[in-house]
Amino acid sequence: MQKTRLLSFYAMLLAAAGMFWSGGSAYAADARLKEINSDPHTLRVAQEAGRRIAAFCANCHGNNGVSNLPEVPNLAGQNVDYLLEQTRKFGTGERKDPFMQGLIKALKEEEKIQLSLFYASQNPRPGKPNPASVEAGRLVFKKSCARCHGEKAHGNELIPRLASQHEEYLVMSVTRYRNKSGERQDPQMAAAVAPLKDADIKTVATYLSSLP
């Protein structure tokens with residue numbers, strides 16, 4: 001009985017240490033971001049380093065973060081804090097993709113910051129869909145998405161930019177949230193998209209892909 005209690009106590013200590021380390025790591029990344037952003041020269045150096053690292057990502061995400069593959073997300077113009085949070089989730093397995101998980105684990109913390117700063121600095125490229133589809137999608141977006149993602153769909157530090165994103169990628173992601181397939185997990189997103197029909201998802205994706 002005494003041994004069991006000791007093991008339980010050690011487990012609690014390890015869990016607490018893990019929580020502290022996770023919080024410390026996030027704090028360190030945030031502090032480093034602020035440090036880099038405070039000096040224009042340091043920021044340019046970090047973005048250029050990120051450009052070199054991004055060469056390993058170009059086959060999927062494009063040279064400047066605009067993907068040539070419709071099922072792969074554009075990263076150009078994405079919020080830097082959001083990008084960093086996604087690298088963390090891939091690293092811990094909260095987001096599931098064997099290739100991405102392996103790639104992220106190979107990067108140092110400083111490289112993740114540099115890569116995120118590079119992609120955030122690049123210019124998005126909106127599509128040119130049918131105007132009728134755009135208007136229908138705008139109404140769906142205003143009703144179901146604008147409260148969190150913003151009127152221009154640019155998101156914020158914790159919520160992703162959706163403007164100029166690939167239509168096919170958006171359809172795939174929203175459908176995964178709605179169907180609770182496990183690849184994307186977020187209770188708030190799942191609740192927001194649960195009422196959407198396939199046609200709604202298609203039209204809102206068309207609208208979002210057209211936004212600058």
# chains A, B, ... in the order shown; residues from 1 in each chain; ligands from 1
call {"tool": "residues_around", "arguments": {"residues": "Ala46 in chain A", "least_positions_apart": "5", "cutoff": "10 Å", "atoms": "only C-alpha atoms", "output": "PyMOL selection string"}}
result
chain A and resi 36-37+40-41+51+110-111+113-118
call {"tool": "write_last_selection", "arguments": {"atoms": "C-alpha atoms", "output": "mmCIF file, in the first residue's frame"}}
result
data_model
loop_
_atom_site.group_PDB
_atom_site.id
_atom_site.type_symbol
_atom_site.label_atom_id
_atom_site.label_comp_id
_atom_site.auth_asym_id
_atom_site.auth_seq_id
_atom_site.Cartn_x
_atom_site.Cartn_y
_atom_site.Cartn_z
ATOM 1 C CA ILE A 36 12.605 39.682 -32.206
ATOM 2 C CA ASN A 37 9.702 41.972 -33.102
ATOM 3 C CA PRO A 40 13.533 45.625 -37.218
ATOM 4 C CA HIS A 41 16.989 44.258 -38.060
ATOM 5 C CA ARG A 51 12.921 31.497 -45.561
ATOM 6 C CA GLU A 110 14.243 28.988 -32.530
ATOM 7 C CA GLU A 111 13.715 27.500 -36.003
ATOM 8 C CA ILE A 113 9.806 30.829 -34.457
ATOM 9 C CA GLN A 114 11.817 31.848 -37.535
ATOM 10 C CA LEU A 115 9.691 29.712 -39.830
ATOM 11 C CA SER A 116 6.465 31.152 -38.397
ATOM 12 C CA LEU A 117 7.758 34.716 -38.784
ATOM 13 C CA PHE A 118 8.669 34.062 -42.406
#
call {"tool": "closest_atom_pairs", "arguments": {"of": "range 171-203 of chain A", "to": "range 140-147 of chain A", "cutoff": "12 Å", "atoms": "only C-alpha atoms", "output": "JSON lines"}}
result
{"residue": "A:Val174", "atom": "CA", "partner": "A:Cys145", "partner_atom": "CA", "distance": 11.2}
{"residue": "A:Gln188", "atom": "CA", "partner": "A:Cys145", "partner_atom": "CA", "distance": 10.9}
{"residue": "A:Met189", "atom": "CA", "partner": "A:Cys145", "partner_atom": "CA", "distance": 9.1}
{"residue": "A:Ala190", "atom": "CA", "partner": "A:Ser144", "partner_atom": "CA", "distance": 11.4}
{"residue": "A:Ala191", "atom": "CA", "partner": "A:Ser144", "partner_atom": "CA", "distance": 10.0}
{"residue": "A:Ala192", "atom": "CA", "partner": "A:Ser144", "partner_atom": "CA", "distance": 6.3}
{"residue": "A:Val193", "atom": "CA", "partner": "A:Ser144", "partner_atom": "CA", "distance": 7.3}
{"residue": "A:Ala194", "atom": "CA", "partner": "A:Ser144", "partner_atom": "CA", "distance": 10.1}
{"residue": "A:Pro195", "atom": "CA", "partner": "A:Ser144", "partner_atom": "CA", "distance": 9.2}
{"residue": "A:Leu196", "atom": "CA", "partner": "A:Val140", "partner_atom": "CA", "distance": 8.7}
{"residue": "A:Lys197", "atom": "CA", "partner": "A:Val140", "partner_atom": "CA", "distance": 10.6}
{"residue": "A:Asp198", "atom": "CA", "partner": "A:Val140", "partner_atom": "CA", "distance": 12.0}
{"residue": "A:Ala199", "atom": "CA", "partner": "A:Val140", "partner_atom": "CA", "distance": 10.3}
{"residue": "A:Asp200", "atom": "CA", "partner": "A:Val140", "partner_atom": "CA", "distance": 6.7}
{"residue": "A:Ile201", "atom": "CA", "partner": "A:Val140", "partner_atom": "CA", "distance": 8.4}
{"residue": "A:Lys202", "atom": "CA", "partner": "A:Val140", "partner_atom": "CA", "distance": 10.2}
{"residue": "A:Thr203", "atom": "CA", "partner": "A:Val140", "partner_atom": "CA", "distance": 7.8}
call {"tool": "closest_residue", "arguments": {"among": "A:Arg52, A:Cys57, A:Asp81, A:Leu103", "to": "Ala31 in chain A", "atoms": "only C-alpha atoms"}}
result
A:Asp81
call {"tool": "closest_residue", "arguments": {"among": "A:Ala49, A:Ala58, A:Ile159, A:Ala205", "to": "Met172 in chain A", "atoms": "only C-alpha atoms"}}
result
A:Ala205
call {"tool": "residues_around", "arguments": {"residues": "Leu162 in chain A", "least_positions_apart": "2", "cutoff": "8 Å", "atoms": "only C-alpha atoms", "output": "compact mmCIF listing (two decimals) with N, CA, C and O atoms, in the first residue's frame"}}
result
# COMPACT_ATOMS: atom_id res chain seq x y z
N HIS A 149 -13.69 34.56 -36.16
CA HIS A 149 -12.63 34.76 -37.16
C HIS A 149 -12.53 36.21 -37.65
O HIS A 149 -11.61 36.53 -38.41
N ALA A 153 -12.17 37.83 -41.79
CA ALA A 153 -11.65 36.46 -41.69
C ALA A 153 -10.14 36.42 -41.53
O ALA A 153 -9.47 35.50 -41.99
N HIS A 154 -9.58 37.43 -40.85
CA HIS A 154 -8.14 37.48 -40.62
C HIS A 154 -7.73 36.85 -39.30
O HIS A 154 -6.54 36.73 -39.02
N GLY A 155 -8.70 36.46 -38.47
CA GLY A 155 -8.40 35.79 -37.22
C GLY A 155 -7.63 36.67 -36.25
O GLY A 155 -7.66 37.89 -36.33
N PRO A 160 -7.20 31.13 -36.50
CA PRO A 160 -6.51 31.24 -37.79
C PRO A 160 -7.13 32.21 -38.77
O PRO A 160 -8.34 32.43 -38.76
N SER A 164 -8.25 34.00 -48.12
CA SER A 164 -7.28 33.57 -49.15
C SER A 164 -6.84 32.12 -48.99
O SER A 164 -5.89 31.68 -49.64
N GLN A 165 -7.53 31.37 -48.14
CA GLN A 165 -7.17 29.97 -47.97
C GLN A 165 -7.73 29.14 -49.13
O GLN A 165 -8.72 29.53 -49.75
N LEU A 208 -14.50 32.48 -48.55
CA LEU A 208 -13.26 32.73 -47.83
C LEU A 208 -12.04 32.72 -48.75
O LEU A 208 -11.13 33.52 -48.59
N SER A 209 -12.04 31.83 -49.73
CA SER A 209 -10.91 31.76 -50.65
C SER A 209 -10.77 33.02 -51.49
O SER A 209 -9.69 33.34 -52.00
call {"tool": "closest_residue", "arguments": {"among": "A:Cys60, A:Leu69, A:Leu33, A:Leu211", "to": "Glu168 in chain A", "atoms": "only C-alpha atoms"}}
result
A:Leu69
call {"tool": "atom_distance", "arguments": {"atom1": "CA of Gln47 in chain A", "atom2": "CA of Pro124 in chain A"}}
result
16.2 Å
call {"tool": "closest_residue", "arguments": {"among": "A:Val72, A:Asn63, A:Glu151, A:Tyr119", "to": "Met100 in chain A", "atoms": "only C-alpha atoms"}}
result
A:Val72
call {"tool": "select_by_dssp", "arguments": {"residues": "chain A", "states": "alpha helix (DSSP H)", "output": "NGL selection string"}}
result
:A and (2-37 or 40-53 or 58-61 or 80-92 or 98-105 or 109-121 or 131-144 or 146-149 or 167-179 or 187-193 or 198-210)
call {"tool": "residues_around", "arguments": {"residues": "Gly91 in chain A", "least_positions_apart": "5", "cutoff": "7 Å", "atoms": "only C-alpha atoms", "output": "PyMOL selection string"}}
result
chain A and resi 101+104-105
call {"tool": "write_last_selection", "arguments": {"atoms": "C-alpha atoms", "output": "mmCIF file, in the first residue's frame"}}
result
data_model
loop_
_atom_site.group_PDB
_atom_site.id
_atom_site.type_symbol
_atom_site.label_atom_id
_atom_site.label_comp_id
_atom_site.auth_asym_id
_atom_site.auth_seq_id
_atom_site.Cartn_x
_atom_site.Cartn_y
_atom_site.Cartn_z
ATOM 1 C CA GLN A 101 4.688 15.499 -36.780
ATOM 2 C CA ILE A 104 8.136 19.553 -36.602
ATOM 3 C CA LYS A 105 9.988 17.353 -34.125
#
call {"tool": "closest_residue", "arguments": {"among": "A:Glu48, A:Arg125, A:Leu139, A:Asn156", "to": "Gly62 in chain A", "atoms": "only C-alpha atoms"}}
result
A:Arg125
call {"tool": "residues_around", "arguments": {"residues": "Thr206 in chain A", "least_positions_apart": "4", "cutoff": "8 Å", "atoms": "only C-alpha atoms", "output": "list in words"}}
result
Pro129, Ser133, Val134, Gly137, Glu167, Lys202 and Ser210 of chain A
call {"tool": "atom_distance", "arguments": {"atom1": "CA of Glu157 in chain A", "atom2": "CA of Tyr27 in chain A"}}
result
14.3 Å
call {"tool": "closest_residue", "arguments": {"among": "A:Lys34, A:His166, A:Lys112, A:Lys89", "to": "His61 in chain A", "atoms": "only C-alpha atoms"}}
result
A:His166
